[in-house]
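J.: Have a look at this one.
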Amino acid sequence: MLPNEPAELVRVDGHFKELGLDIGDYQNANAVADLLMEHPKLMQRPVVVRGNRAVIARPSELVEELL
């Protein structure tokens, strides 16, 4: 539903770095899903869904694409 690459769902922040992770290891959907199941705090939020489309709403103006 998202037009983004799977890695864009991962929040690369201080917590990500504390875990010693490398974003290069999370370039496919399965790796991203496994990571987010183990560390849900690393998911970019909010994800807004309308019909069969979705956006990562950062910045919030991206929600306008769905309206």
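Residues in the structure tokens are named by chain (A, B, ... in the order shown) and by number from 1 within that chain; ligands are numbered from 1 in the order shown.
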Skipping near chain neighbours, those fewer than 3 positions away, what residues fall within 8 Å of A:Gln27 using only C-alpha atoms, listed as a ChimeraX atom specification?

T.: /A:5-7,23-24,31-32

J.: Keeping only all heavy atoms, take the residues you just selected and write them out as a tab-separated table (two decimals), in the first residue's frame.

T.:
chain	number	residue	atom	x	y	z
A	5	GLU	N	10.06	2.64	-0.19
A	5	GLU	CA	10.89	1.46	-0.02
A	5	GLU	C	10.67	0.92	1.39
A	5	GLU	O	10.41	1.70	2.31
A	5	GLU	CB	12.37	1.81	-0.22
A	5	GLU	CG	12.70	2.24	-1.63
A	5	GLU	CD	12.48	1.14	-2.64
A	5	GLU	OE1	12.80	-0.03	-2.33
A	5	GLU	OE2	11.98	1.43	-3.73
A	6	PRO	N	10.79	-0.38	1.61
A	6	PRO	CA	10.55	-0.94	2.93
A	6	PRO	C	11.38	-0.29	4.04
A	6	PRO	O	10.89	-0.05	5.14
A	6	PRO	CB	10.93	-2.42	2.77
A	6	PRO	CG	10.71	-2.71	1.33
A	6	PRO	CD	11.07	-1.43	0.62
A	7	ALA	N	12.63	0.05	3.76
A	7	ALA	CA	13.51	0.64	4.78
A	7	ALA	C	12.98	1.97	5.31
A	7	ALA	O	13.33	2.38	6.42
A	7	ALA	CB	14.91	0.82	4.23
A	23	ILE	N	21.16	0.22	8.73
A	23	ILE	CA	19.99	0.30	7.86
A	23	ILE	C	20.20	-0.50	6.57
A	23	ILE	O	19.24	-0.97	5.96
A	23	ILE	CB	19.60	1.77	7.54
A	23	ILE	CG1	18.19	1.84	6.93
A	23	ILE	CG2	20.63	2.43	6.67
A	23	ILE	CD1	17.09	1.37	7.81
A	24	GLY	N	21.42	-0.72	6.19
A	24	GLY	CA	21.72	-1.52	5.01
A	24	GLY	C	21.24	-2.97	5.13
A	24	GLY	O	21.03	-3.64	4.14
A	31	ALA	N	12.97	-8.41	6.00
A	31	ALA	CA	13.90	-7.96	7.03
A	31	ALA	C	13.29	-6.83	7.85
A	31	ALA	O	13.43	-6.79	9.08
A	31	ALA	CB	15.22	-7.52	6.40
A	32	VAL	N	12.60	-5.91	7.18
A	32	VAL	CA	11.95	-4.80	7.88
A	32	VAL	C	10.85	-5.32	8.79
A	32	VAL	O	10.74	-4.92	9.95
A	32	VAL	CB	11.40	-3.76	6.88
A	32	VAL	CG1	10.49	-2.75	7.58
A	32	VAL	CG2	12.55	-3.04	6.19

J.: Env of A:Asp34: 12 Å cut, atoms = only C-alpha atoms, seq-sep filter 5 positions within chain, self excluded. Answer as a ChimeraX atom specification.

T.: /A:6-7,10,25-29,39-40,42-43

J.: Restricted to C-alpha atoms, what would the selected residues look like written as a PDB file, in the first residue's frame?

T.:
ATOM      1  CA  PRO A   6      10.549  -0.943   2.932  1.00  0.00           C
ATOM      2  CA  ALA A   7      13.508   0.640   4.781  1.00  0.00           C
ATOM      3  CA  VAL A  10      12.289   2.122   9.946  1.00  0.00           C
ATOM      4  CA  ASP A  25      20.556  -4.775   6.604  1.00  0.00           C
ATOM      5  CA  TYR A  26      16.898  -3.750   6.230  1.00  0.00           C
ATOM      6  CA  GLN A  27      16.361  -3.175   2.530  1.00  0.00           C
ATOM      7  CA  ASN A  28      13.746  -5.832   1.880  1.00  0.00           C
ATOM      8  CA  ALA A  29      10.226  -6.182   3.251  1.00  0.00           C
ATOM      9  CA  HIS A  39      11.496  -3.543  17.983  1.00  0.00           C
ATOM     10  CA  PRO A  40       8.108  -1.871  17.313  1.00  0.00           C
ATOM     11  CA  LEU A  42      11.486   1.699  15.410  1.00  0.00           C
ATOM     12  CA  MET A  43       8.450   1.984  13.126  1.00  0.00           C
TER      13      MET A  43
END

J.: Residues of chain A in helix (DSSP H, G or I) according to DSSP, as a VMD selection string?

T.: chain A and resid 6 to 9 14 to 18 23 to 25 29 to 38 40 to 42 60 to 66

J.: Find the residue from A:Leu2, A:Lys41, A:Pro46, A:Ala33 that sits nearest to A:Gly14; use only C-alpha atoms when measuring.

T.: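 Closest residue, counting only C-alpha atoms: A:Lys41.
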
J.: Please extract the residues of chain A with a backbone DSSP assignment of strand (DSSP E or B) and present them as a ChimeraX atom specification.

T.: /A:10,43,47-50,53-56

J.: Find the residues around stretch 55-60 of chain A up to 7 Å (only C-alpha atoms counted), leave out those fewer than 3 positions away in its own chain, and share them as a PDB file with all heavy atoms, in the first residue's frame.

T.:
ATOM      1  N   LEU A   2       2.048   1.159   0.570  1.00  0.00           N
ATOM      2  CA  LEU A   2       2.936   2.317   0.626  1.00  0.00           C
ATOM      3  C   LEU A   2       3.780   2.411  -0.636  1.00  0.00           C
ATOM      4  O   LEU A   2       4.276   1.395  -1.120  1.00  0.00           O
ATOM      5  CB  LEU A   2       3.883   2.209   1.835  1.00  0.00           C
ATOM      6  CG  LEU A   2       3.266   2.396   3.204  1.00  0.00           C
ATOM      7  CD1 LEU A   2       4.241   1.959   4.284  1.00  0.00           C
ATOM      8  CD2 LEU A   2       2.873   3.848   3.414  1.00  0.00           C
ATOM      9  N   GLN A  44       8.319   3.961  11.760  1.00  0.00           N
ATOM     10  CA  GLN A  44       7.922   5.338  11.469  1.00  0.00           C
ATOM     11  C   GLN A  44       6.425   5.454  11.676  1.00  0.00           C
ATOM     12  O   GLN A  44       5.662   4.614  11.217  1.00  0.00           O
ATOM     13  CB  GLN A  44       8.240   5.700  10.015  1.00  0.00           C
ATOM     14  CG  GLN A  44       9.673   5.940   9.737  1.00  0.00           C
ATOM     15  CD  GLN A  44      10.181   7.272  10.284  1.00  0.00           C
ATOM     16  OE1 GLN A  44       9.540   7.980  11.049  1.00  0.00           O
ATOM     17  NE2 GLN A  44      11.378   7.604   9.891  1.00  0.00           N
ATOM     18  N   ARG A  45       6.017   6.493  12.373  1.00  0.00           N
ATOM     19  CA  ARG A  45       4.600   6.719  12.617  1.00  0.00           C
ATOM     20  C   ARG A  45       4.297   8.187  12.439  1.00  0.00           C
ATOM     21  O   ARG A  45       5.178   8.996  12.638  1.00  0.00           O
ATOM     22  CB  ARG A  45       4.217   6.328  14.048  1.00  0.00           C
ATOM     23  CG  ARG A  45       4.358   4.856  14.339  1.00  0.00           C
ATOM     24  CD  ARG A  45       3.740   4.532  15.665  1.00  0.00           C
ATOM     25  NE  ARG A  45       4.434   4.092  16.804  1.00  0.00           N
ATOM     26  CZ  ARG A  45       5.552   3.440  16.958  1.00  0.00           C
ATOM     27  NH1 ARG A  45       6.289   3.189  15.944  1.00  0.00           N
ATOM     28  NH2 ARG A  45       6.000   3.051  18.094  1.00  0.00           N
ATOM     29  N   PRO A  46       3.093   8.506  12.147  1.00  0.00           N
ATOM     30  CA  PRO A  46       1.964   7.621  11.857  1.00  0.00           C
ATOM     31  C   PRO A  46       1.978   7.168  10.407  1.00  0.00           C
ATOM     32  O   PRO A  46       2.518   7.828   9.537  1.00  0.00           O
ATOM     33  CB  PRO A  46       0.747   8.497  12.136  1.00  0.00           C
ATOM     34  CG  PRO A  46       1.208   9.889  11.824  1.00  0.00           C
ATOM     35  CD  PRO A  46       2.674   9.916  12.211  1.00  0.00           C
ATOM     36  N   VAL A  47       1.365   6.023  10.198  1.00  0.00           N
ATOM     37  CA  VAL A  47       1.079   5.541   8.848  1.00  0.00           C
ATOM     38  C   VAL A  47      -0.429   5.717   8.684  1.00  0.00           C
ATOM     39  O   VAL A  47      -1.212   5.231   9.490  1.00  0.00           O
ATOM     40  CB  VAL A  47       1.469   4.067   8.659  1.00  0.00           C
ATOM     41  CG1 VAL A  47       1.021   3.572   7.293  1.00  0.00           C
ATOM     42  CG2 VAL A  47       2.976   3.899   8.831  1.00  0.00           C
ATOM     43  N   VAL A  48      -0.823   6.460   7.660  1.00  0.00           N
ATOM     44  CA  VAL A  48      -2.231   6.756   7.432  1.00  0.00           C
ATOM     45  C   VAL A  48      -2.692   5.956   6.210  1.00  0.00           C
ATOM     46  O   VAL A  48      -2.038   5.965   5.170  1.00  0.00           O
ATOM     47  CB  VAL A  48      -2.451   8.269   7.197  1.00  0.00           C
ATOM     48  CG1 VAL A  48      -3.901   8.570   6.903  1.00  0.00           C
ATOM     49  CG2 VAL A  48      -1.965   9.064   8.409  1.00  0.00           C
ATOM     50  N   VAL A  49      -3.813   5.259   6.385  1.00  0.00           N
ATOM     51  CA  VAL A  49      -4.353   4.403   5.328  1.00  0.00           C
ATOM     52  C   VAL A  49      -5.719   4.934   4.908  1.00  0.00           C
ATOM     53  O   VAL A  49      -6.556   5.261   5.737  1.00  0.00           O
ATOM     54  CB  VAL A  49      -4.502   2.942   5.823  1.00  0.00           C
ATOM     55  CG1 VAL A  49      -5.102   2.064   4.739  1.00  0.00           C
ATOM     56  CG2 VAL A  49      -3.163   2.401   6.308  1.00  0.00           C
ATOM     57  N   VAL A  63      -0.232  13.557   4.235  1.00  0.00           N
ATOM     58  CA  VAL A  63      -1.585  13.017   4.357  1.00  0.00           C
ATOM     59  C   VAL A  63      -2.476  13.632   3.282  1.00  0.00           C
ATOM     60  O   VAL A  63      -3.387  12.978   2.793  1.00  0.00           O
ATOM     61  CB  VAL A  63      -2.148  13.270   5.770  1.00  0.00           C
ATOM     62  CG1 VAL A  63      -3.604  12.820   5.852  1.00  0.00           C
ATOM     63  CG2 VAL A  63      -1.318  12.553   6.809  1.00  0.00           C
TER      64      VAL A  63
END

J.: Can you measure atom CA of A:Arg11 to atom CA of A:Asn52 for me? One decimal in Å is fine.

T.: 23.4 Å

J.: Write out as number ranges by chain the residues lying within 12 Å of A:Gly51, counting only C-alpha atoms and excluding same-chain residues fewer than 6 positions away.

T.: A: 1-2, 66-67

J.: Output all heavy atoms for every residue in the selection just made, as an mmCIF file, in the first residue's frame.

T.:
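That gives us again-v3.cif:
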data_model
loop_
_atom_site.group_PDB
_atom_site.id
_atom_site.type_symbol
_atom_site.label_atom_id
_atom_site.label_comp_id
_atom_site.auth_asym_id
_atom_site.auth_seq_id
_atom_site.Cartn_x
_atom_site.Cartn_y
_atom_site.Cartn_z
ATOM 1 N N MET A 1 0.816 -1.204 0.000
ATOM 2 C CA MET A 1 0.000 0.000 0.000
ATOM 3 C C MET A 1 0.856 1.263 0.000
ATOM 4 O O MET A 1 0.406 2.295 -0.466
ATOM 5 C CB MET A 1 -0.915 0.007 1.212
ATOM 6 C CG MET A 1 -1.939 -1.117 1.222
ATOM 7 S SD MET A 1 -2.894 -1.165 2.738
ATOM 8 C CE MET A 1 -4.117 0.039 2.372
ATOM 9 N N LEU A 2 2.048 1.159 0.570
ATOM 10 C CA LEU A 2 2.936 2.317 0.626
ATOM 11 C C LEU A 2 3.780 2.411 -0.636
ATOM 12 O O LEU A 2 4.276 1.395 -1.120
ATOM 13 C CB LEU A 2 3.883 2.209 1.835
ATOM 14 C CG LEU A 2 3.266 2.396 3.204
ATOM 15 C CD1 LEU A 2 4.241 1.959 4.284
ATOM 16 C CD2 LEU A 2 2.873 3.848 3.414
ATOM 17 N N LEU A 66 -3.543 11.703 0.245
ATOM 18 C CA LEU A 66 -4.608 10.707 0.316
ATOM 19 C C LEU A 66 -6.006 11.321 0.253
ATOM 20 O O LEU A 66 -6.963 10.616 0.027
ATOM 21 C CB LEU A 66 -4.500 9.898 1.605
ATOM 22 C CG LEU A 66 -3.300 8.984 1.739
ATOM 23 C CD1 LEU A 66 -3.345 8.252 3.062
ATOM 24 C CD2 LEU A 66 -3.218 7.998 0.606
ATOM 25 N N LEU A 67 -6.085 12.600 0.471
ATOM 26 C CA LEU A 67 -7.395 13.250 0.531
ATOM 27 C C LEU A 67 -7.902 13.721 -0.808
ATOM 28 O O LEU A 67 -7.322 13.825 -1.760
ATOM 29 C CB LEU A 67 -7.351 14.421 1.520
ATOM 30 C CG LEU A 67 -6.906 14.034 2.929
ATOM 31 C CD1 LEU A 67 -6.833 15.284 3.797
ATOM 32 C CD2 LEU A 67 -7.849 13.021 3.532
#
